[in-house]
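*Asks:* Next up, query-v7.txt (compact mmCIF, C-alpha atoms).
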```
# COMPACT_ATOMS: atom_id res chain seq x y z
CA MET U 1 21.17 16.11 11.06
CA ARG U 2 20.77 15.03 14.70
CA GLU U 3 19.55 11.47 15.41
CA THR U 4 16.28 12.79 16.89
CA ASP U 5 15.65 14.82 13.72
CA ALA U 6 16.38 11.76 11.57
CA ALA U 7 13.95 9.67 13.60
CA HIS U 8 11.24 12.30 13.19
CA ARG U 9 11.88 12.55 9.45
CA ILE U 10 11.71 8.77 8.97
CA ALA U 11 8.53 8.50 11.06
CA THR U 12 6.90 11.21 8.92
CA GLU U 13 8.01 9.56 5.67
CA LEU U 14 6.76 6.19 6.92
CA ARG U 15 3.27 7.64 7.37
CA HIS U 16 3.17 9.44 4.02
CA GLU U 17 5.12 7.30 1.55
CA SER U 18 3.30 4.45 -0.17
CA ALA U 19 6.54 2.47 -0.63
CA ALA U 20 10.11 3.24 0.45
CA ILE U 21 13.33 1.89 1.96
CA TRP U 22 15.32 3.36 4.86
CA TYR U 23 18.77 2.50 6.19
CA ILE U 24 18.97 3.33 9.89
CA ALA U 25 22.01 3.29 12.18
CA ASP U 26 21.80 5.23 15.43
CA GLU U 27 22.48 4.88 19.15
CA TYR U 28 19.96 2.01 19.34
CA GLY U 29 21.54 -0.11 16.61
CA GLU U 30 21.18 -0.80 12.91
CA LYS U 31 18.27 -1.92 10.74
CA VAL U 32 16.78 -1.67 7.29
CA MET U 33 13.14 -0.63 7.10
CA VAL U 34 10.87 -1.15 4.10
CA LYS U 35 7.30 -0.01 3.52
CA VAL U 36 5.47 -2.02 0.89
CA LEU U 37 2.09 -3.61 0.13
CA SER U 38 0.94 -6.52 2.29
CA PRO U 39 0.76 -8.93 -0.71
CA THR U 40 4.41 -8.13 -1.45
CA ILE U 41 5.41 -8.87 2.16
CA LYS U 42 3.61 -12.20 1.85
CA ALA U 43 5.49 -12.92 -1.37
CA LEU U 44 8.80 -12.21 0.36
CA ILE U 45 7.88 -14.52 3.23
CA ALA U 46 7.04 -17.15 0.62
CA GLY U 47 10.55 -16.80 -0.79
CA CYS U 48 10.54 -14.38 -3.74
CA LYS U 49 13.86 -12.79 -4.76
CA LEU U 50 14.94 -9.47 -3.28
CA GLU U 51 17.45 -7.26 -5.11
CA PHE U 52 19.05 -4.09 -3.70
CA LEU U 53 19.91 -1.29 -6.13
CA TYR U 54 22.28 1.66 -5.81
CA GLY U 55 22.94 4.48 -8.25
CA LYS U 56 25.59 7.19 -8.30
CA ASP U 57 25.27 10.24 -10.50
CA SER U 58 28.78 11.71 -10.68
CA ARG U 59 28.00 14.40 -13.26
CA HIS U 60 27.70 16.94 -10.45
CA VAL U 61 30.24 18.48 -8.08
CA PHE U 62 28.56 16.60 -5.24
CA PRO U 63 27.36 13.27 -6.69
CA PHE U 64 23.75 12.23 -6.12
CA PHE U 65 23.39 8.81 -4.47
CA HIS U 66 20.27 6.69 -4.94
CA ALA U 67 18.92 3.52 -3.35
CA GLY U 68 16.18 1.16 -4.46
CA LEU U 69 14.71 -2.32 -4.43
CA LYS U 70 13.49 -4.89 -6.91
CA ILE U 71 11.08 -7.41 -5.45
CA TRP U 72 10.42 -10.29 -7.82
CA ASP U 73 6.86 -11.12 -6.75
CA ASP U 74 6.16 -11.66 -10.44
CA PRO U 75 8.63 -13.25 -12.88
CA VAL U 76 8.20 -10.40 -15.40
CA HIS U 77 6.44 -7.45 -13.76
CA TYR U 78 8.59 -7.12 -10.67
CA LEU U 79 7.99 -4.38 -8.08
CA ARG U 80 10.53 -1.56 -8.14
CA MET U 81 10.96 1.27 -5.66
CA THR U 82 13.60 4.01 -5.83
CA SER U 83 14.62 7.02 -3.79
CA ILE U 84 17.42 9.56 -3.48
CA GLN U 85 19.53 9.83 -0.33
CA ARG U 86 19.65 13.50 0.68
CA PHE U 87 21.00 13.38 4.24
CA THR U 88 24.44 12.61 5.66
CA GLN U 89 22.71 10.30 8.15
CA GLU U 90 21.48 8.15 5.25
CA HIS U 91 24.94 7.82 3.71
CA ARG U 92 26.51 7.09 7.09
CA SER U 93 23.86 4.51 8.00
CA LEU U 94 24.23 2.63 4.71
CA LYS U 95 28.00 2.45 5.13
CA ARG U 96 27.69 1.27 8.73
CA ILE U 97 25.18 -1.41 7.77
CA MET U 98 27.44 -2.68 5.00
CA ASP U 99 30.14 -3.29 7.61
CA LEU U 100 27.86 -5.87 9.25
CA GLU U 101 27.52 -9.55 8.33
CA THR U 102 23.78 -9.47 9.09
CA VAL U 103 21.21 -6.82 9.90
CA ASN U 104 17.55 -6.81 10.93
CA ILE U 105 15.05 -5.78 8.27
CA HIS U 106 11.50 -4.66 9.16
CA PHE U 107 8.60 -4.68 6.71
CA HIS U 108 5.77 -2.18 7.23
CA ASN U 109 2.46 -2.44 5.37
CA GLU U 110 -0.16 0.06 4.17
CA LEU U 111 -1.32 0.65 7.75
CA THR U 112 2.31 1.65 8.57
CA ILE U 113 2.50 -1.15 11.16
CA CYS U 114 5.46 -3.53 11.22
CA ALA U 115 3.95 -6.74 9.85
CA ALA U 116 7.10 -8.90 9.78
CA ALA U 117 10.83 -8.82 10.38
CA ALA U 118 13.72 -10.97 9.19
CA THR U 119 17.48 -11.28 9.19
CA LEU U 120 19.06 -9.77 6.08
CA THR U 121 22.39 -11.13 4.85
CA PHE U 122 24.67 -9.86 2.08
CA SER U 123 27.82 -11.60 0.90
CA SER U 124 31.09 -10.01 2.02
CA GLU U 125 31.94 -9.30 -1.63
CA ASP U 126 28.66 -7.45 -2.20
CA ARG U 127 29.08 -5.43 0.97
CA GLN U 128 32.54 -4.33 -0.10
CA GLN U 129 31.19 -3.35 -3.50
CA VAL U 130 28.60 -1.07 -1.91
CA ILE U 131 31.20 0.56 0.38
CA GLN U 132 33.48 1.20 -2.57
CA PHE U 133 30.55 2.49 -4.63
CA LEU U 134 29.64 4.95 -1.87
CA GLY U 135 33.17 6.29 -1.71
CA ASN U 136 33.75 9.23 0.63
CA ILE U 137 30.31 9.97 2.07
CA ASN U 138 31.36 13.57 2.78
CA ASP U 139 31.59 14.15 -0.97
CA LEU U 140 27.98 13.03 -1.68
CA TYR U 141 25.08 15.43 -2.18
CA THR U 142 22.97 16.48 0.79
CA GLY U 143 20.16 19.01 0.58
CA ALA U 144 16.75 19.74 -0.86
CA PHE U 145 14.86 17.66 -3.40
CA ASN U 146 15.35 20.27 -6.11
CA HIS U 147 15.02 19.98 -9.88
CA LEU U 148 18.56 18.57 -10.21
CA ALA U 149 17.84 15.90 -7.59
CA LYS U 150 14.57 15.00 -9.28
CA HIS U 151 16.24 14.75 -12.68
CA SER U 152 18.98 12.55 -11.22
CA LEU U 153 16.36 10.24 -9.69
CA ASP U 154 14.71 10.01 -13.12
CA CYS U 155 18.09 8.99 -14.54
CA PHE U 156 18.36 6.29 -11.86
CA ASP U 157 14.92 4.96 -12.82
CA HIS U 158 15.88 5.07 -16.51
CA THR U 159 19.10 3.16 -15.85
CA ILE U 160 17.14 0.41 -14.10
CA ASP U 161 14.32 0.23 -16.64
CA LYS U 162 14.75 1.84 -20.05
CA THR U 163 11.18 1.03 -21.12
CA GLN U 164 9.85 3.97 -19.09
CA ASN U 165 8.70 7.06 -20.93
CA LEU U 166 11.21 9.51 -19.44
CA THR U 167 12.64 12.45 -21.41
CA GLY U 168 16.03 14.11 -21.15
CA VAL U 169 17.58 11.29 -19.10
CA GLN U 170 20.80 9.35 -19.37
CA GLU U 171 22.38 6.36 -17.70
CA ILE U 172 24.28 6.66 -14.43
CA ALA U 173 26.49 4.20 -12.56
CA LEU U 174 24.42 1.30 -11.20
CA LEU U 175 25.17 -1.43 -8.66
CA SER U 176 22.86 -4.36 -7.92
CA ILE U 177 23.29 -6.93 -5.14
CA GLN U 178 21.10 -9.74 -3.80
CA GLY U 179 19.89 -9.96 -0.23
CA LYS U 180 19.03 -13.17 1.60
CA LEU U 181 16.15 -13.19 4.11
CA SER U 182 15.98 -15.70 6.94
CA ASP U 183 14.65 -16.21 10.49
CA TRP U 184 11.30 -14.54 9.84
CA ILE U 185 9.35 -13.08 12.76
CA ILE U 186 5.62 -12.46 12.19
CA MET U 187 4.25 -9.62 14.29
CA ASN U 188 1.02 -10.07 16.21
CA ASN U 189 -0.64 -6.64 16.10
CA THR U 190 -3.92 -6.07 17.93
CA PHE U 191 -6.34 -3.21 17.20
CA ILE U 192 -8.80 -2.34 19.96
CA GLY U 193 -12.00 -0.64 18.82
CA ALA U 194 -15.23 0.60 20.34
CA ASN U 195 -17.28 -2.35 19.07
CA GLU U 196 -14.68 -5.11 18.72
CA THR U 197 -11.01 -6.04 19.00
CA ASN U 198 -9.10 -7.57 16.09
CA PRO U 199 -5.70 -9.30 16.12
CA ILE U 200 -3.89 -8.94 12.78
CA GLN U 201 -1.11 -11.26 11.59
CA ILE U 202 0.11 -11.20 8.00
CA ASP U 203 0.48 -15.00 7.85
CA ASP U 204 -3.15 -15.56 8.85
CA PRO U 205 -4.36 -18.49 6.68
CA ASP U 206 -7.76 -16.77 6.45
CA GLU U 207 -6.55 -14.14 3.97
CA GLY U 208 -10.03 -12.74 3.40
CA GLY U 209 -10.65 -12.33 7.12
CA HIS U 210 -7.22 -10.77 7.58
CA PHE U 211 -7.92 -8.21 4.87
CA GLU U 212 -11.29 -7.38 6.45
CA LYS U 213 -9.53 -6.72 9.76
CA GLU U 214 -6.97 -4.46 8.07
CA THR U 215 -9.77 -2.47 6.44
CA TRP U 216 -11.66 -2.20 9.72
CA ALA U 217 -8.47 -1.07 11.50
CA SER U 218 -7.84 1.65 8.89
CA LEU U 219 -11.24 3.21 9.72
CA GLU U 220 -11.44 2.63 13.47
CA ALA U 221 -9.94 5.97 14.55
CA ILE U 222 -12.32 7.87 12.25
CA PHE U 223 -15.67 6.18 12.90
CA LEU U 224 -15.18 4.75 16.43
CA ASN U 225 -18.52 3.21 17.49
CA ALA U 226 -20.10 3.69 14.03
CA LEU U 227 -17.92 0.97 12.47
CA TYR U 228 -18.85 -2.71 12.12
CA ARG U 229 -17.22 -5.77 10.60
CA SER U 230 -19.52 -8.36 9.00
CA PRO U 231 -22.90 -6.83 9.96
CA LYS U 232 -25.85 -9.21 9.47
CA ILE U 233 -29.33 -9.00 7.94
CA PRO U 234 -32.19 -11.49 8.32
CA ASP U 235 -32.82 -14.10 5.64
CA LYS U 236 -34.82 -17.32 5.34
CA HIS U 237 -32.03 -19.31 6.99
CA GLY U 238 -31.64 -16.90 9.92
CA PHE U 239 -29.00 -14.29 9.14
CA ARG U 240 -26.47 -13.54 6.42
CA GLU U 241 -23.73 -10.97 5.99
CA LEU U 242 -24.75 -7.60 4.57
CA THR U 243 -21.19 -6.59 3.66
CA ASP U 244 -17.66 -7.02 4.99
CA VAL U 245 -17.34 -3.58 6.62
CA LEU U 246 -20.02 -0.99 7.40
CA ALA U 247 -19.27 2.56 8.56
CA PHE U 248 -21.48 5.62 8.72
CA HIS U 249 -21.94 9.13 10.06
CA GLN U 250 -24.68 11.75 9.96
CA TYR U 251 -24.18 12.48 6.27
CA GLY U 252 -22.60 9.33 4.82
CA ILE U 253 -22.72 5.53 4.56
CA PHE U 254 -19.80 3.31 3.56
CA LEU U 255 -20.31 -0.29 2.44
CA ILE U 256 -17.04 -2.13 1.75
CA GLU U 257 -16.37 -5.52 0.15
CA THR U 258 -12.78 -6.69 0.59
CA LYS U 259 -11.09 -8.97 -1.93
CA ALA U 260 -7.67 -10.35 -0.98
CA LEU U 261 -5.32 -11.78 -3.60
CA SER U 262 -4.12 -15.20 -2.51
CA ILE U 263 -0.35 -15.74 -2.48
CA PRO U 264 0.11 -19.34 -1.29
CA GLU U 265 3.51 -19.76 -2.94
CA ILE U 266 5.83 -18.23 -5.48
CA ASP U 267 4.65 -19.65 -8.80
CA ASN U 268 6.82 -18.55 -11.72
CA GLU U 269 4.38 -20.15 -14.14
CA ARG U 270 1.44 -18.02 -13.08
CA ASN U 271 1.60 -15.15 -15.55
CA MET U 272 0.21 -11.66 -15.12
CA ASP U 273 -2.71 -12.32 -17.48
CA ARG U 274 -4.03 -15.02 -15.14
CA LYS U 275 -3.53 -12.78 -12.11
CA VAL U 276 -5.46 -9.92 -13.72
CA LYS U 277 -8.32 -12.20 -14.80
CA GLY U 278 -8.58 -13.62 -11.28
CA LEU U 279 -8.63 -10.12 -9.81
CA GLN U 280 -11.28 -8.93 -12.26
CA LYS U 281 -13.48 -11.91 -11.42
CA GLN U 282 -13.29 -10.98 -7.75
CA ILE U 283 -14.09 -7.33 -8.49
CA LEU U 284 -17.18 -8.25 -10.54
CA LYS U 285 -18.34 -10.42 -7.66
CA GLY U 286 -17.79 -7.54 -5.23
CA ILE U 287 -19.78 -5.13 -7.41
CA GLY U 288 -22.71 -7.55 -7.43
CA GLN U 289 -22.51 -7.97 -3.64
CA LEU U 290 -22.46 -4.22 -3.07
CA LYS U 291 -25.39 -3.65 -5.40
CA GLY U 292 -27.40 -6.13 -3.34
CA ALA U 293 -26.25 -4.56 -0.06
CA ALA U 294 -27.21 -1.07 -1.24
CA LYS U 295 -30.68 -2.36 -2.16
CA LYS U 296 -31.12 -3.85 1.31
CA VAL U 297 -30.05 -0.61 2.96
CA ALA U 298 -32.41 1.46 0.78
CA ALA U 299 -35.25 -0.96 1.61
CA ASN U 300 -34.76 -0.29 5.36
CA THR U 301 -33.82 -3.90 6.06
CA ASN U 302 -32.78 -4.34 9.70
CA VAL U 303 -29.01 -4.59 10.16
CA PHE U 304 -27.43 -6.22 13.23
CA ASP U 305 -23.90 -6.30 14.64
CA SER U 306 -22.01 -9.49 15.57
CA GLN U 307 -23.74 -9.51 18.99
CA GLY U 308 -27.22 -9.34 17.49
CA LYS U 309 -27.76 -5.68 18.39
CA LEU U 310 -29.73 -3.54 15.91
CA ILE U 311 -27.58 -0.93 14.12
CA ASP U 312 -29.41 2.35 13.63
CA PHE U 313 -28.36 4.71 10.82
CA ASP U 314 -29.99 6.99 8.22
CA ARG U 315 -30.92 4.87 5.17
CA SER U 316 -31.90 7.81 2.93
CA ILE U 317 -28.27 8.70 2.13
CA CYS U 318 -26.72 7.57 -1.14
CA PRO U 319 -23.98 5.17 0.04
CA HIS U 320 -20.35 4.89 -0.94
CA CYS U 321 -19.86 1.28 -2.09
CA ILE U 322 -16.22 0.26 -2.24
CA VAL U 323 -14.67 -2.87 -3.70
CA LEU U 324 -11.35 -2.86 -1.87
CA VAL U 325 -8.65 -5.13 -3.28
CA SER U 326 -5.25 -5.88 -1.80
CA GLU U 327 -3.57 -4.69 -5.01
CA LEU U 328 -5.11 -3.10 -8.10
CA LEU U 329 -2.93 -4.36 -10.93
CA PRO U 330 -2.27 -1.84 -13.75
CA PHE U 331 -2.11 -4.46 -16.49
CA GLY U 332 -4.78 -5.85 -18.80
CA ASP U 333 -8.07 -4.65 -20.28
CA TRP U 334 -10.48 -3.15 -17.73
CA LYS U 335 -13.25 -1.94 -20.05
CA GLU U 336 -15.72 -4.61 -18.90
CA ILE U 337 -15.20 -3.64 -15.25
CA GLU U 338 -15.53 0.07 -15.99
CA LEU U 339 -18.73 -0.45 -17.99
CA LYS U 340 -20.14 -2.63 -15.20
CA MET U 341 -19.43 0.12 -12.68
CA MET U 342 -21.26 2.70 -14.83
CA THR U 343 -24.34 0.54 -15.38
CA THR U 344 -24.48 -0.48 -11.71
CA MET U 345 -24.56 3.15 -10.55
CA ILE U 346 -27.36 3.80 -13.04
CA GLU U 347 -29.39 0.79 -11.86
CA GLN U 348 -28.84 1.35 -8.13
CA PRO U 349 -28.14 4.78 -6.58
CA MET U 350 -24.63 4.60 -5.11
CA TYR U 351 -21.12 5.97 -5.42
CA LEU U 352 -19.19 2.93 -6.64
CA HIS U 353 -15.42 2.70 -6.19
CA VAL U 354 -12.77 0.09 -6.96
CA MET U 355 -9.38 0.69 -5.34
CA ASP U 356 -6.63 -1.03 -3.41
CA LEU U 357 -5.74 -0.57 0.24
CA ARG U 358 -2.75 1.64 -0.61
CA GLU U 359 -5.03 4.11 -2.41
CA PHE U 360 -7.69 3.87 0.29
CA MET U 361 -5.09 4.76 2.94
CA THR U 362 -4.27 7.89 0.93
CA TYR U 363 -7.86 9.05 1.40
CA ILE U 364 -7.75 8.07 5.08
CA GLY U 365 -4.60 10.12 5.59
CA PHE U 366 -5.87 13.10 3.63
CA CYS U 367 -9.15 13.33 5.60
CA ARG U 368 -7.18 13.70 8.89
CA GLY U 369 -9.91 12.07 10.94
CA ASN U 370 -12.71 14.12 9.37
CA LYS U 371 -15.54 11.86 8.17
CA GLU U 372 -17.12 14.60 6.04
CA ARG U 373 -13.83 15.23 4.26
CA LEU U 374 -13.49 11.52 3.45
CA ASP U 375 -17.06 11.55 2.14
CA ALA U 376 -16.44 14.58 -0.09
CA SER U 377 -13.13 13.22 -1.41
CA LEU U 378 -14.79 9.97 -2.49
CA MET U 379 -17.56 11.92 -4.22
CA ASP U 380 -14.84 13.76 -6.16
CA ARG U 381 -13.32 10.41 -7.03
CA THR U 382 -16.61 9.22 -8.52
CA SER U 383 -16.75 12.38 -10.65
CA GLN U 384 -13.21 11.69 -11.85
CA PHE U 385 -14.12 8.10 -12.70
CA VAL U 386 -17.15 9.17 -14.74
CA GLU U 387 -15.08 11.80 -16.57
CA LEU U 388 -12.00 9.64 -17.24
CA GLN U 389 -13.76 6.25 -17.36
CA THR U 390 -10.84 4.42 -15.76
CA ILE U 391 -10.55 2.79 -12.35
CA HIS U 392 -6.80 3.44 -12.28
CA ILE U 393 -7.05 6.77 -10.51
CA ARG U 394 -4.38 7.84 -8.03
CA VAL U 395 -4.99 10.87 -5.83
CA ASP U 396 -2.01 13.05 -4.85
CA ARG U 397 -0.86 11.89 -1.40
CA ASN U 398 0.06 15.43 -0.31
CA THR U 399 -2.75 17.59 -1.68
CA GLY U 400 -5.65 15.15 -2.03
CA GLU U 401 -6.06 16.37 -5.61
CA PHE U 402 -6.35 14.30 -8.75
CA PRO U 403 -3.77 14.60 -11.53
CA GLY U 404 -4.75 17.16 -14.14
```
For this file, produce the structure as structure tokens.

*Replies:*
Amino acid sequence: MRETDAAHRIATELRHESAAIWYIADEYGEKVMVKVLSPTIKALIAGCKLEFLYGKDSRHVFPFFHAGLKIWDDPVHYLRMTSIQRFTQEHRSLKRIMDLETVNIHFHNELTICAAAATLTFSSEDRQQVIQFLGNINDLYTGAFNHLAKHSLDCFDHTIDKTQNLTGVQEIALLSIQGKLSDWIIMNNTFIGANETNPIQIDDPDEGGHFEKETWASLEAIFLNALYRSPKIPDKHGFRELTDVLAFHQYGIFLIETKALSIPEIDNERNMDRKVKGLQKQILKGIGQLKGAAKKVAANTNVFDSQGKLIDFDRSICPHCIVLVSELLPFGDWKEIELKMMTTMIEQPMYLHVMDLREFMTYIGFCRGNKERLDASLMDRTSQFVELQTIHIRVDRNTGEFPG
């Protein structure tokens, strides 16, 4: 594969993958690139442990080689990502990087922007282990992601975590090394919109405001001048916020409440149960805020932008009301939240959604700039929620369809 082809492939994967790792070595130099959720990047900046994983499945004539990461942003429920290396360029890049004492590592978030970079260091012993584990890169598998490759990746996942419900798998050779991150650089990204301009930095102490800006930026290319952050409505004290983000078009209204999970430090004593309860409390608050906002919209209450200009849009449309969280945790009991969502939609006409930014970006990508398509996809999502009665719904990133 030529370097230009590799660059195009990586750029495409960066846009479409929700989480992944790439080893890159070309004419411009060497780097490791990771796409992961913003809260996880914050946890890494705060000092959580980072573990690099490699698997080699030698049961085949051309062994399959796998790469992955464990990010210990939680002492028990760590984040794991895995992938199979299918191109000679990937094998060559990994070997070249392991010849270096240090390498730059870039972290991209849900918006695909580089949010932070650091210096990555491995011990000389660990680097030699990886080189030996790779062996002769010309002997490793390259080619399509066929059924054998998929099965081998399942075996890699099984070898890392045997609690998964995978059938017909077996252990393969596994190597794990630790990486040290230092000399962090926080990127200052600025998004310029029709109604406002927002600088976005992942270390912004105003985590709620930062998350609002990320949400606004994700929608800016779709809604242009029909997108507002923190629109206001009159009240007895002057004005108050209607919702965090408002967007609309001829046939749809979107009211969004953003709820960022705070990650001030790595706290090994804060268990997952406490995290889930804190998240659920924020979601219940967001549902109440959106119910009130939908009532105000239906009552034709005047809505103003940050400059005091009246925002004109059709109030007769049933709105999409979205509680957007930085990460929707899959643990715990969510029946109270799901029941609250059902009763709220009965009491106040709305399409009510709870999702994280990663899932929201899937819908953004699938609509390809078409507002009506985004509208219709979210309607389908509401139907799926009512049928399945679970908020843990993940749409297929390639087809836009829900799992059968």

*Asks:* Please write as number ranges by chain the list of polymer residues whose atoms come within 8 Å of (19.5, 0.6, -10.9), counting only C-alpha atoms and keeping to the coordinates of the file.

*Replies:* U: 53-55, 68, 156-157, 159-161, 174-176

*Asks:* Could you produce a table of the residues of region 273-378 of chain U lying within 7 Å of region 390-396 of chain U, with the nearest pair of atoms per residue and their separation in Å rounded to one decimal, using only C-alpha atoms, ordered by chain and increasing residue number, as a Markdown table?

*Replies:*
```
| residue | atom | partner | partner_atom | distance |
| --- | --- | --- | --- | --- |
| U:Glu338 | CA | U:Thr390 | CA | 6.4 |
| U:Val354 | CA | U:Ile391 | CA | 6.4 |
| U:Glu359 | CA | U:Arg394 | CA | 6.8 |
```

*Asks:* Of the candidates U:Ile24, U:Leu181, U:Leu94, U:Ala19, which one gets nearest to Leu50 (chain U) if we count all atoms listed in the file?

*Replies:*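 For Leu50 (chain U), the nearest of the candidates is U:Leu181.
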
*Asks:* So that I can check the surroundings of region 238-245 of chain U, please list as number ranges by chain every protein, DNA and RNA residue that reaches within 7 Å of it, counting all atoms listed in the file and ignoring chain neighbours fewer than 4 positions away.

*Replies:* U: 212, 216, 228-234, 255-258, 293

*Asks:* Nearest residue to Leu148 (chain U) out of U:Leu219, U:Leu378, U:Leu290, U:Ile84, using only C-alpha atoms?

*Replies:* U:Ile84

*Asks:* So that I can check the surroundings of region 134-144 of chain U, please list as a list in words every protein, DNA and RNA residue that reaches within 8 Å of it, counting all atoms listed in the file and ignoring chain neighbours fewer than 5 positions away.

*Replies:*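 Close residues of region 134-144 of chain U: Lys56, Phe62, Pro63, Phe64, Phe65, Gln85, Arg86, Phe87, Thr88, His91, Arg92, Lys95 and Ala149 of chain U.
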
*Asks:* Tell me, in Å to one decimal, how far CA of Leu224 (chain U) is from CA of Phe191 (chain U).

*Replies:*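 Interatomic distance, CA of Leu224 (chain U) to CA of Phe191 (chain U): 11.9 Å.
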
*Asks:* Which polymer residues have any atom within 6 Å of an atom of region 195-209 of chain U, counting all atoms listed in the file, with same-chain residues fewer than 5 positions away left out, as JSON, numbers by chain?

*Replies:* {"U": [188, 189, 190, 225, 260]}

*Asks:* Within 10 Å of region 312-315 of chain U, counting all atoms listed in the file, which residues show up once you throw out same-chain ones fewer than 5 positions away? Write them as a ChimeraX atom specification, please.

*Replies:* /U:226,247-253,294,296-304

*Asks:* As an exercise, work out the distance from CA of Ala117 (chain U) to CA of His210 (chain U) in Å and give it to one decimal place.

*Replies:*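 Separation of CA of Ala117 (chain U) and CA of His210 (chain U): 18.4 Å.
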